[in-house]
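What follows is the content of entry.txt (compact mmCIF, C-alpha atoms and all ligand atoms).
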```txt
# COMPACT_ATOMS: atom_id res chain seq x y z
CA MET N 1 8.91 0.26 -20.68
CA PHE N 2 5.37 -0.14 -19.34
CA ALA N 3 5.48 -1.95 -16.01
CA THR N 4 2.65 -2.59 -13.62
CA ARG N 5 2.15 -4.69 -10.54
CA PHE N 6 -0.30 -6.55 -8.35
CA ALA N 7 0.73 -6.15 -4.73
CA PRO N 8 -1.37 -8.24 -2.35
CA SER N 9 -0.78 -8.62 1.37
CA PRO N 10 -0.81 -12.25 2.51
CA THR N 11 -3.32 -11.71 5.32
CA GLY N 12 -6.00 -14.02 3.93
CA TYR N 13 -7.04 -15.94 0.84
CA LEU N 14 -7.57 -14.01 -2.38
CA HIS N 15 -11.15 -13.36 -3.45
CA VAL N 16 -12.84 -12.26 -6.66
CA GLY N 17 -12.01 -8.62 -5.93
CA HIS N 18 -8.32 -9.55 -6.02
CA ALA N 19 -8.85 -11.54 -9.21
CA PHE N 20 -10.36 -8.44 -10.84
CA SER N 21 -7.44 -6.29 -9.72
CA ALA N 22 -4.79 -8.81 -10.79
CA TRP N 23 -6.40 -9.38 -14.19
CA THR N 24 -6.87 -5.65 -14.79
CA ALA N 25 -3.16 -5.09 -14.23
CA PHE N 26 -2.11 -8.22 -16.11
CA ASP N 27 -4.29 -7.41 -19.13
CA ALA N 28 -2.91 -3.86 -19.24
CA ALA N 29 0.65 -5.21 -19.22
CA GLN N 30 -0.17 -7.67 -22.00
CA ALA N 31 -1.84 -4.97 -24.10
CA ALA N 32 1.20 -2.72 -23.71
CA GLN N 33 3.65 -5.60 -24.18
CA GLY N 34 5.00 -4.53 -20.85
CA ARG N 35 6.02 -6.10 -17.58
CA PHE N 36 3.70 -7.60 -14.98
CA ILE N 37 5.14 -7.79 -11.48
CA LEU N 38 3.79 -9.58 -8.45
CA ARG N 39 4.90 -8.13 -5.12
CA ILE N 40 4.18 -9.53 -1.68
CA GLU N 41 3.41 -6.69 0.74
CA ASP N 42 4.05 -8.34 4.08
CA THR N 43 5.51 -5.60 6.26
CA ASP N 44 2.77 -6.24 8.81
CA GLN N 45 4.24 -9.37 10.33
CA THR N 46 1.43 -9.57 12.88
CA ARG N 47 -1.16 -10.32 10.20
CA CYS N 48 0.75 -11.94 7.32
CA ARG N 49 1.12 -15.71 7.14
CA PRO N 50 3.30 -17.92 4.91
CA GLU N 51 0.35 -20.14 3.97
CA PHE N 52 -1.48 -17.13 2.55
CA GLU N 53 1.59 -16.21 0.51
CA ALA N 54 1.77 -19.76 -0.87
CA ALA N 55 -1.94 -19.55 -1.68
CA ILE N 56 -1.40 -16.29 -3.62
CA TYR N 57 1.01 -18.02 -6.02
CA GLU N 58 -1.27 -20.99 -6.40
CA ASP N 59 -4.46 -18.97 -6.95
CA LEU N 60 -2.89 -16.54 -9.43
CA ALA N 61 -1.36 -19.40 -11.42
CA TRP N 62 -4.80 -21.04 -11.49
CA LEU N 63 -6.21 -17.80 -12.95
CA GLY N 64 -3.64 -18.18 -15.72
CA LEU N 65 -1.36 -15.31 -14.71
CA THR N 66 2.39 -15.34 -15.11
CA TRP N 67 4.77 -12.93 -13.45
CA GLU N 68 8.43 -12.04 -13.22
CA ARG N 69 10.68 -13.93 -10.79
CA PRO N 70 12.03 -13.59 -8.25
CA VAL N 71 9.05 -12.07 -6.49
CA ARG N 72 9.90 -9.17 -4.22
CA ARG N 73 8.78 -9.89 -0.69
CA GLN N 74 8.79 -6.72 1.39
CA SER N 75 9.78 -8.42 4.63
CA ASP N 76 13.13 -9.21 2.96
CA HIS N 77 13.84 -5.51 2.47
CA MET N 78 13.11 -3.91 5.81
CA ALA N 79 16.60 -2.36 5.94
CA ASP N 80 15.79 -0.55 2.73
CA TYR N 81 12.68 1.04 4.21
CA GLU N 82 14.54 1.94 7.37
CA ALA N 83 17.20 3.68 5.30
CA ALA N 84 14.52 5.73 3.57
CA LEU N 85 13.05 6.57 6.94
CA GLU N 86 16.48 7.81 8.03
CA ARG N 87 16.64 10.02 4.95
CA LEU N 88 13.28 11.53 5.79
CA LYS N 89 14.44 12.10 9.36
CA ALA N 90 17.53 13.85 8.05
CA LEU N 91 15.29 16.08 5.94
CA GLY N 92 13.52 17.10 9.13
CA VAL N 93 10.05 16.16 7.91
CA LEU N 94 9.30 13.52 10.56
CA TYR N 95 8.24 13.95 14.14
CA ARG N 96 7.70 11.66 17.08
CA CYS N 97 4.23 10.78 18.21
CA PHE N 98 3.72 9.20 21.61
CA LYS N 99 0.19 7.91 21.26
CA THR N 100 -0.39 4.50 22.79
CA ARG N 101 0.66 1.33 21.06
CA LYS N 102 -2.94 0.34 20.46
CA GLU N 103 -3.87 3.66 18.91
CA LEU N 104 -0.80 3.60 16.72
CA MET N 105 -1.07 -0.01 15.61
CA GLU N 106 -4.54 0.83 14.42
CA ALA N 107 -3.25 3.82 12.51
CA ILE N 108 -0.34 2.02 10.91
CA ALA N 109 -1.59 -1.53 10.42
CA SER N 110 -5.17 -0.90 9.45
CA ALA N 111 -5.75 -1.83 5.85
CA PRO N 112 -4.72 1.12 3.77
CA HIS N 113 -8.20 0.85 2.26
CA SER N 114 -10.06 2.81 4.85
CA PHE N 115 -9.34 6.42 5.51
CA SER N 116 -11.15 7.98 8.37
CA GLY N 117 -9.79 11.44 7.78
CA PRO N 118 -6.81 13.16 9.34
CA GLU N 119 -6.07 12.66 13.00
CA PRO N 120 -5.59 15.81 15.04
CA VAL N 121 -1.89 15.46 15.82
CA SER N 122 1.09 17.78 15.77
CA PRO N 123 4.69 17.80 16.97
CA LEU N 124 5.16 18.20 20.72
CA ALA N 125 7.00 21.04 22.36
CA GLU N 126 10.69 20.20 22.75
CA ASP N 127 10.69 19.90 26.55
CA GLU N 128 7.57 17.74 26.55
CA GLU N 129 9.12 15.47 23.94
CA ALA N 130 12.40 15.24 25.85
CA GLN N 131 10.52 14.23 28.96
CA LEU N 132 8.57 11.49 27.22
CA LEU N 133 11.72 10.23 25.51
CA GLN N 134 13.48 10.02 28.83
CA SER N 135 10.60 8.13 30.39
CA GLY N 136 11.13 5.48 27.71
CA LYS N 137 7.63 5.80 26.32
CA PRO N 138 7.54 4.25 22.84
CA TYR N 139 6.77 6.48 19.90
CA ALA N 140 6.05 6.43 16.19
CA TRP N 141 7.29 8.61 13.36
CA ARG N 142 4.78 10.76 11.57
CA LEU N 143 5.27 12.65 8.33
CA SER N 144 4.69 16.35 8.91
CA LEU N 145 2.83 17.85 5.98
CA ALA N 146 3.62 21.36 7.18
CA ARG N 147 7.36 20.65 7.17
CA SER N 148 7.12 18.80 3.86
CA ALA N 149 5.37 21.80 2.34
CA GLY N 150 8.09 24.06 3.72
CA LEU N 151 10.82 21.88 2.28
CA LEU N 152 9.25 21.42 -1.13
CA GLY N 153 8.48 25.14 -1.31
CA ALA N 154 7.05 26.27 -4.62
CA HIS N 155 6.65 22.66 -5.76
CA TRP N 156 4.05 22.02 -3.08
CA ASP N 157 1.24 23.85 -4.84
CA SER N 158 1.78 22.04 -8.12
CA LEU N 159 1.96 18.61 -6.51
CA GLY N 160 -0.20 16.12 -8.32
CA PHE N 161 -0.37 13.00 -10.44
CA GLU N 162 -2.14 11.48 -13.40
CA ALA N 163 -4.97 9.16 -12.43
CA ASN N 164 -7.50 7.55 -14.75
CA GLY N 165 -6.43 9.81 -17.57
CA HIS N 166 -6.74 13.09 -15.68
CA TRP N 167 -4.35 15.33 -13.83
CA VAL N 168 -5.26 15.30 -10.15
CA LYS N 169 -4.03 17.95 -7.77
CA ALA N 170 -2.73 16.34 -4.58
CA HIS N 171 -4.64 17.07 -1.37
CA PRO N 172 -2.52 15.25 1.22
CA ALA N 173 -4.17 17.22 4.02
CA HIS N 174 -7.18 14.91 3.71
CA LEU N 175 -5.01 12.18 5.19
CA GLY N 176 -3.11 14.32 7.64
CA ASP N 177 0.25 13.48 9.19
CA ILE N 178 0.36 9.74 8.58
CA VAL N 179 2.34 7.29 10.69
CA LEU N 180 5.34 6.01 8.72
CA ALA N 181 6.98 3.73 11.24
CA ARG N 182 7.39 2.63 14.79
CA LYS N 183 9.79 0.40 16.63
CA GLU N 184 8.21 -2.99 16.07
CA PHE N 185 6.79 -1.89 12.73
CA PRO N 186 9.64 -0.23 10.81
CA SER N 187 7.67 0.60 7.70
CA SER N 188 4.09 1.48 6.96
CA TYR N 189 2.41 0.31 3.77
CA HIS N 190 2.84 3.80 2.33
CA LEU N 191 6.60 3.98 2.63
CA ALA N 192 7.32 0.42 1.48
CA SER N 193 4.91 0.61 -1.42
CA VAL N 194 6.24 3.92 -2.74
CA LEU N 195 9.85 2.76 -2.49
CA ASP N 196 9.17 -0.56 -4.16
CA ASP N 197 7.21 1.00 -7.00
CA ALA N 198 10.32 3.06 -7.73
CA ARG N 199 12.79 0.19 -7.16
CA GLN N 200 10.83 -2.05 -9.50
CA GLY N 201 10.45 0.58 -12.21
CA ILE N 202 6.65 0.61 -12.00
CA THR N 203 5.33 3.07 -14.59
CA HIS N 204 1.63 2.36 -13.98
CA VAL N 205 0.09 1.65 -10.60
CA ILE N 206 -3.18 -0.21 -11.17
CA ARG N 207 -5.28 -0.94 -8.08
CA GLY N 208 -8.72 -0.50 -6.57
CA GLU N 209 -10.30 2.90 -6.10
CA ASP N 210 -10.30 2.31 -2.34
CA LEU N 211 -6.59 3.22 -2.57
CA ALA N 212 -7.14 6.39 -4.61
CA GLU N 213 -6.67 8.55 -1.51
CA ALA N 214 -3.32 6.93 -0.78
CA ALA N 215 -1.85 8.38 -3.99
CA HIS N 216 -2.17 11.87 -2.50
CA ILE N 217 0.34 11.00 0.18
CA HIS N 218 2.46 8.78 -2.06
CA VAL N 219 3.23 11.70 -4.33
CA VAL N 220 4.53 13.65 -1.32
CA LEU N 221 6.82 10.77 -0.35
CA GLN N 222 8.02 10.48 -3.95
CA LYS N 223 8.91 14.18 -4.09
CA LEU N 224 10.70 14.09 -0.73
CA LEU N 225 12.69 10.99 -1.66
CA GLY N 226 13.41 12.09 -5.23
CA LEU N 227 11.47 9.20 -6.77
CA PRO N 228 9.46 9.31 -9.98
CA THR N 229 5.67 9.46 -9.77
CA PRO N 230 4.00 6.66 -11.73
CA ILE N 231 0.71 7.02 -13.59
CA TYR N 232 -2.22 5.79 -11.52
CA HIS N 233 -5.28 3.89 -12.51
CA HIS N 234 -7.79 3.20 -9.76
CA HIS N 235 -10.33 0.68 -10.96
CA ARG N 236 -13.89 0.11 -9.78
CA LEU N 237 -14.40 -2.15 -6.81
CA ILE N 238 -16.10 -5.51 -7.00
CA LEU N 239 -18.96 -5.60 -4.55
CA ASP N 240 -20.54 -8.56 -2.81
CA ALA N 241 -24.26 -9.39 -2.82
CA ASP N 242 -24.83 -6.82 -0.05
CA GLY N 243 -23.18 -4.09 -2.10
CA LYS N 244 -20.12 -4.06 0.15
CA ARG N 245 -16.51 -4.27 -0.94
CA PHE N 246 -15.17 -7.81 -0.82
CA ALA N 247 -12.91 -8.25 2.12
CA LYS N 248 -10.72 -11.14 3.14
CA ARG N 249 -13.33 -11.99 5.77
CA ASN N 250 -15.78 -13.01 3.01
CA GLN N 251 -14.25 -16.48 2.96
CA SER N 252 -17.13 -17.93 0.96
CA VAL N 253 -15.97 -16.18 -2.19
CA THR N 254 -12.28 -16.96 -2.04
CA LEU N 255 -10.75 -18.10 -5.29
CA ARG N 256 -9.94 -21.45 -3.71
CA SER N 257 -13.52 -22.04 -2.60
CA LEU N 258 -14.71 -21.21 -6.12
CA ARG N 259 -12.14 -23.58 -7.56
CA GLU N 260 -13.19 -26.34 -5.17
CA SER N 261 -16.82 -25.86 -6.09
CA GLY N 262 -15.94 -26.37 -9.75
CA THR N 263 -16.04 -22.78 -11.04
CA SER N 264 -13.56 -22.12 -13.85
CA PRO N 265 -11.35 -19.04 -14.20
CA ALA N 266 -13.15 -18.27 -17.49
CA GLU N 267 -16.48 -18.17 -15.65
CA ILE N 268 -15.03 -15.83 -13.03
CA ARG N 269 -13.66 -13.56 -15.74
CA THR N 270 -17.02 -13.39 -17.45
CA SER N 271 -18.83 -12.69 -14.19
CA LEU N 272 -16.43 -9.80 -13.60
CA GLY N 273 -17.17 -8.36 -17.01
CA LEU N 274 -13.63 -8.87 -18.28
N1 LIG J 301 -0.88 -4.32 -0.40
C1 LIG J 301 -2.09 -3.59 -0.67
C2 LIG J 301 -3.29 -4.52 -0.50
O1 LIG J 301 -3.19 -5.57 0.01
C3 LIG J 301 -2.14 -3.00 -2.06
C4 LIG J 301 -1.22 -1.88 -2.24
C5 LIG J 301 -1.23 -1.19 -3.58
O2 LIG J 301 -1.70 -1.75 -4.58
O3 LIG J 301 -0.74 -0.08 -3.63
O4 LIG J 301 -4.37 -4.20 -0.88
```

For this file, write the structure as structure tokens.
Amino acid sequence: MFATRFAPSPTGYLHVGHAFSAWTAFDAAQAAQGRFILRIEDTDQTRCRPEFEAAIYEDLAWLGLTWERPVRRQSDHMADYEAALERLKALGVLYRCFKTRKELMEAIASAPHSFSGPEPVSPLAEDEEAQLLQSGKPYAWRLSLARSAGLLGAHWDSLGFEANGHWVKAHPAHLGDIVLARKEFPSSYHLASVLDDARQGITHVIRGEDLAEAAHIHVVLQKLLGLPTPIYHHHRLILDADGKRFAKRNQSVTLRSLRESGTSPAEIRTSLGL
């Protein structure tokens, strides 16, 4: 059965870009007589806040959306993501990276929306790693694309997914060896999102085109973990008056500020061309 989701992170109030994304997914589910799922992606406990989660429910209900209950909140399932991480470790596709906390938090917590290209990292020599481990220096786990390719063998070259009606060949090397976890941050967006899409039976991932690159690494995680690959649809982004992508910092265009100023959901829909 067709199932899609809207998966916001409660790090700020929703804006018109979110409304577009949520409606695009909701409308697709309605058209297919399928399921619409709301998921709260709050693995980054340093940035997520309960009041933003409460506001998500309120704002989406105001838009006229309905969704399945109970809502899956990722922070309730950290053990699940850790178990998947253990499986990847057992497969031998992860390696430790001892970059500083600051460097790593940027790599792991930064919105998945901005990719700055692969970082030049690789596994350390065994003795060097042993030394750092012994010194107690904290580390993160990175997914080795080279080892993943080795493990997946002949499947590696045919890795791909359907996006916007076309078959796309995966090019995970554009993203490089991404950080999947570290001690105080047991799951990156990538791992939690891929696992939950499978757990929740998502057949169609509908989201902004700023996340199109992420699919190239998600398909690798799906293959390694034996999960199905959904069909992707990456929709256009809604831009602000300066031609920039709406971000949570554009507080003037939050759905709640529009509501308070008397704008109706129907007017927002029309302005978004829906
Ligand atoms: N949680 C992500 C966000 O806040 C969306 C993830 C996804 O749709 O795959 O934008």

(request) Determine, counting only C-alpha atoms, every residue of protein, DNA or RNA that lies within 7 Å of (0.2, -6.4, 3.6) in the file coordinates, then give the result as number ranges by chain. (result) N: 8-11, 41-44, 48

Write as a PDB file with C-alpha atoms, keeping the file's coordinate frame the residues around ligand LIG 301 (chain J), taking 10 Å as the cut-off and counting only C-alpha atoms and all ligand atoms.
```pdb
ATOM      1  CA  ARG N   5       2.150  -4.690 -10.540  1.00  0.00           C
ATOM      2  CA  PHE N   6      -0.300  -6.550  -8.350  1.00  0.00           C
ATOM      3  CA  ALA N   7       0.730  -6.150  -4.730  1.00  0.00           C
ATOM      4  CA  PRO N   8      -1.370  -8.240  -2.350  1.00  0.00           C
ATOM      5  CA  SER N   9      -0.780  -8.620   1.370  1.00  0.00           C
ATOM      6  CA  PRO N  10      -0.810 -12.250   2.510  1.00  0.00           C
ATOM      7  CA  THR N  11      -3.320 -11.710   5.320  1.00  0.00           C
ATOM      8  CA  GLY N  12      -6.000 -14.020   3.930  1.00  0.00           C
ATOM      9  CA  LEU N  14      -7.570 -14.010  -2.380  1.00  0.00           C
ATOM     10  CA  HIS N  18      -8.320  -9.550  -6.020  1.00  0.00           C
ATOM     11  CA  SER N  21      -7.440  -6.290  -9.720  1.00  0.00           C
ATOM     12  CA  ALA N  22      -4.790  -8.810 -10.790  1.00  0.00           C
ATOM     13  CA  ARG N  39       4.900  -8.130  -5.120  1.00  0.00           C
ATOM     14  CA  ILE N  40       4.180  -9.530  -1.680  1.00  0.00           C
ATOM     15  CA  GLU N  41       3.410  -6.690   0.740  1.00  0.00           C
ATOM     16  CA  ASP N  42       4.050  -8.340   4.080  1.00  0.00           C
ATOM     17  CA  THR N  43       5.510  -5.600   6.260  1.00  0.00           C
ATOM     18  CA  ALA N 111      -5.750  -1.830   5.850  1.00  0.00           C
ATOM     19  CA  PRO N 112      -4.720   1.120   3.770  1.00  0.00           C
ATOM     20  CA  HIS N 113      -8.200   0.850   2.260  1.00  0.00           C
ATOM     21  CA  TYR N 189       2.410   0.310   3.770  1.00  0.00           C
ATOM     22  CA  HIS N 190       2.840   3.800   2.330  1.00  0.00           C
ATOM     23  CA  ALA N 192       7.320   0.420   1.480  1.00  0.00           C
ATOM     24  CA  SER N 193       4.910   0.610  -1.420  1.00  0.00           C
ATOM     25  CA  VAL N 194       6.240   3.920  -2.740  1.00  0.00           C
ATOM     26  CA  ASP N 196       9.170  -0.560  -4.160  1.00  0.00           C
ATOM     27  CA  ASP N 197       7.210   1.000  -7.000  1.00  0.00           C
ATOM     28  CA  VAL N 205       0.090   1.650 -10.600  1.00  0.00           C
ATOM     29  CA  ILE N 206      -3.180  -0.210 -11.170  1.00  0.00           C
ATOM     30  CA  ARG N 207      -5.280  -0.940  -8.080  1.00  0.00           C
ATOM     31  CA  GLY N 208      -8.720  -0.500  -6.570  1.00  0.00           C
ATOM     32  CA  GLU N 209     -10.300   2.900  -6.100  1.00  0.00           C
ATOM     33  CA  ASP N 210     -10.300   2.310  -2.340  1.00  0.00           C
ATOM     34  CA  LEU N 211      -6.590   3.220  -2.570  1.00  0.00           C
ATOM     35  CA  ALA N 212      -7.140   6.390  -4.610  1.00  0.00           C
ATOM     36  CA  ALA N 214      -3.320   6.930  -0.780  1.00  0.00           C
ATOM     37  CA  ALA N 215      -1.850   8.380  -3.990  1.00  0.00           C
ATOM     38  CA  HIS N 218       2.460   8.780  -2.060  1.00  0.00           C
ATOM     39  CA  TYR N 232      -2.220   5.790 -11.520  1.00  0.00           C
ATOM     40  CA  HIS N 234      -7.790   3.200  -9.760  1.00  0.00           C
ATOM     41  CA  ALA N 247     -12.910  -8.250   2.120  1.00  0.00           C
ATOM     42  CA  LYS N 248     -10.720 -11.140   3.140  1.00  0.00           C
TER      43      LYS N 248
END
```

(message) With distances taken over all atoms listed in the file, which residue among N:Ile202, N:Ala79, N:Ala149, N:Ile231 lies nearest His166 of chain N?
(response) N:Ile231

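For the pair atom CA of Tyr139 of chain N and atom CA of Leu227 of chain N, the separation is 27.2 Å.
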
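The interatomic distance for the pair atom CA of Tyr81 of chain N and atom CA of Arg47 of chain N works out to 18.9 Å.
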
(request) Using atom CA of Ala241 of chain N and atom CA of Pro265 of chain N as the two end points, give the distance in Å to one decimal. (result) 19.7 Å

Long-range neighbours of segment 92-94 of chain N as a short mmCIF file (atom, residue, chain, number, x, y, z; two decimals) with C-alpha atoms, in the coordinates of the input, 7 Å cut-off, all atoms listed in the file, 2 positions minimum in chain:
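Just written: out_32.cif:
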```cif
data_model
loop_
_atom_site.label_atom_id
_atom_site.label_comp_id
_atom_site.auth_asym_id
_atom_site.auth_seq_id
_atom_site.Cartn_x
_atom_site.Cartn_y
_atom_site.Cartn_z
CA LEU N 88 13.28 11.53 5.79
CA LYS N 89 14.44 12.10 9.36
CA ALA N 90 17.53 13.85 8.05
CA ARG N 96 7.70 11.66 17.08
CA TRP N 141 7.29 8.61 13.36
CA ARG N 142 4.78 10.76 11.57
CA LEU N 143 5.27 12.65 8.33
CA SER N 144 4.69 16.35 8.91
CA ARG N 147 7.36 20.65 7.17
CA SER N 148 7.12 18.80 3.86
#
```

Can you patch up segment 3-14 of chain N, filling it in to N, CA, C and O atoms, and show the result as a PDB file, keeping the file's coordinate frame?
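Writing the result to part_24.pdb gives the following:
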```pdb
ATOM      1  N   ALA N   3       5.368  -0.937 -17.054  1.00  0.00           N
ATOM      2  CA  ALA N   3       5.480  -1.950 -16.010  1.00  0.00           C
ATOM      3  C   ALA N   3       4.409  -1.700 -14.960  1.00  0.00           C
ATOM      4  O   ALA N   3       4.256  -0.578 -14.483  1.00  0.00           O
ATOM      5  N   THR N   4       3.665  -2.740 -14.661  1.00  0.00           N
ATOM      6  CA  THR N   4       2.650  -2.590 -13.620  1.00  0.00           C
ATOM      7  C   THR N   4       2.766  -3.743 -12.634  1.00  0.00           C
ATOM      8  O   THR N   4       3.540  -4.671 -12.855  1.00  0.00           O
ATOM      9  N   ARG N   5       2.016  -3.649 -11.565  1.00  0.00           N
ATOM     10  CA  ARG N   5       2.150  -4.690 -10.540  1.00  0.00           C
ATOM     11  C   ARG N   5       0.813  -4.977  -9.867  1.00  0.00           C
ATOM     12  O   ARG N   5      -0.124  -4.184  -9.865  1.00  0.00           O
ATOM     13  N   PHE N   6       0.784  -6.168  -9.255  1.00  0.00           N
ATOM     14  CA  PHE N   6      -0.300  -6.550  -8.350  1.00  0.00           C
ATOM     15  C   PHE N   6       0.416  -6.812  -7.031  1.00  0.00           C
ATOM     16  O   PHE N   6       1.399  -7.554  -6.992  1.00  0.00           O
ATOM     17  N   ALA N   7      -0.048  -6.143  -5.979  1.00  0.00           N
ATOM     18  CA  ALA N   7       0.730  -6.150  -4.730  1.00  0.00           C
ATOM     19  C   ALA N   7      -0.111  -6.554  -3.521  1.00  0.00           C
ATOM     20  O   ALA N   7      -0.396  -5.754  -2.644  1.00  0.00           O
ATOM     21  N   PRO N   8      -0.513  -7.815  -3.465  1.00  0.00           N
ATOM     22  CA  PRO N   8      -1.370  -8.240  -2.350  1.00  0.00           C
ATOM     23  C   PRO N   8      -0.598  -8.406  -1.033  1.00  0.00           C
ATOM     24  O   PRO N   8       0.616  -8.595  -1.038  1.00  0.00           O
ATOM     25  N   SER N   9      -1.341  -8.318   0.050  1.00  0.00           N
ATOM     26  CA  SER N   9      -0.780  -8.620   1.370  1.00  0.00           C
ATOM     27  C   SER N   9      -1.279 -10.000   1.768  1.00  0.00           C
ATOM     28  O   SER N   9      -2.479 -10.253   1.694  1.00  0.00           O
ATOM     29  N   PRO N  10      -0.380 -10.881   2.180  1.00  0.00           N
ATOM     30  CA  PRO N  10      -0.810 -12.250   2.510  1.00  0.00           C
ATOM     31  C   PRO N  10      -1.456 -12.344   3.891  1.00  0.00           C
ATOM     32  O   PRO N  10      -0.941 -12.973   4.803  1.00  0.00           O
ATOM     33  N   THR N  11      -2.613 -11.698   4.033  1.00  0.00           N
ATOM     34  CA  THR N  11      -3.320 -11.710   5.320  1.00  0.00           C
ATOM     35  C   THR N  11      -4.600 -12.535   5.236  1.00  0.00           C
ATOM     36  O   THR N  11      -5.394 -12.543   6.158  1.00  0.00           O
ATOM     37  N   GLY N  12      -4.805 -13.194   4.099  1.00  0.00           N
ATOM     38  CA  GLY N  12      -6.000 -14.020   3.930  1.00  0.00           C
ATOM     39  C   GLY N  12      -5.969 -14.589   2.533  1.00  0.00           C
ATOM     40  O   GLY N  12      -5.023 -14.334   1.775  1.00  0.00           O
ATOM     41  N   TYR N  13      -6.980 -15.369   2.198  1.00  0.00           N
ATOM     42  CA  TYR N  13      -7.040 -15.940   0.840  1.00  0.00           C
ATOM     43  C   TYR N  13      -7.574 -14.892  -0.138  1.00  0.00           C
ATOM     44  O   TYR N  13      -8.387 -14.048   0.226  1.00  0.00           O
ATOM     45  N   LEU N  14      -7.104 -14.949  -1.360  1.00  0.00           N
ATOM     46  CA  LEU N  14      -7.570 -14.010  -2.380  1.00  0.00           C
ATOM     47  C   LEU N  14      -9.026 -14.300  -2.745  1.00  0.00           C
ATOM     48  O   LEU N  14      -9.453 -15.445  -2.765  1.00  0.00           O
TER      49      LEU N  14
END
```
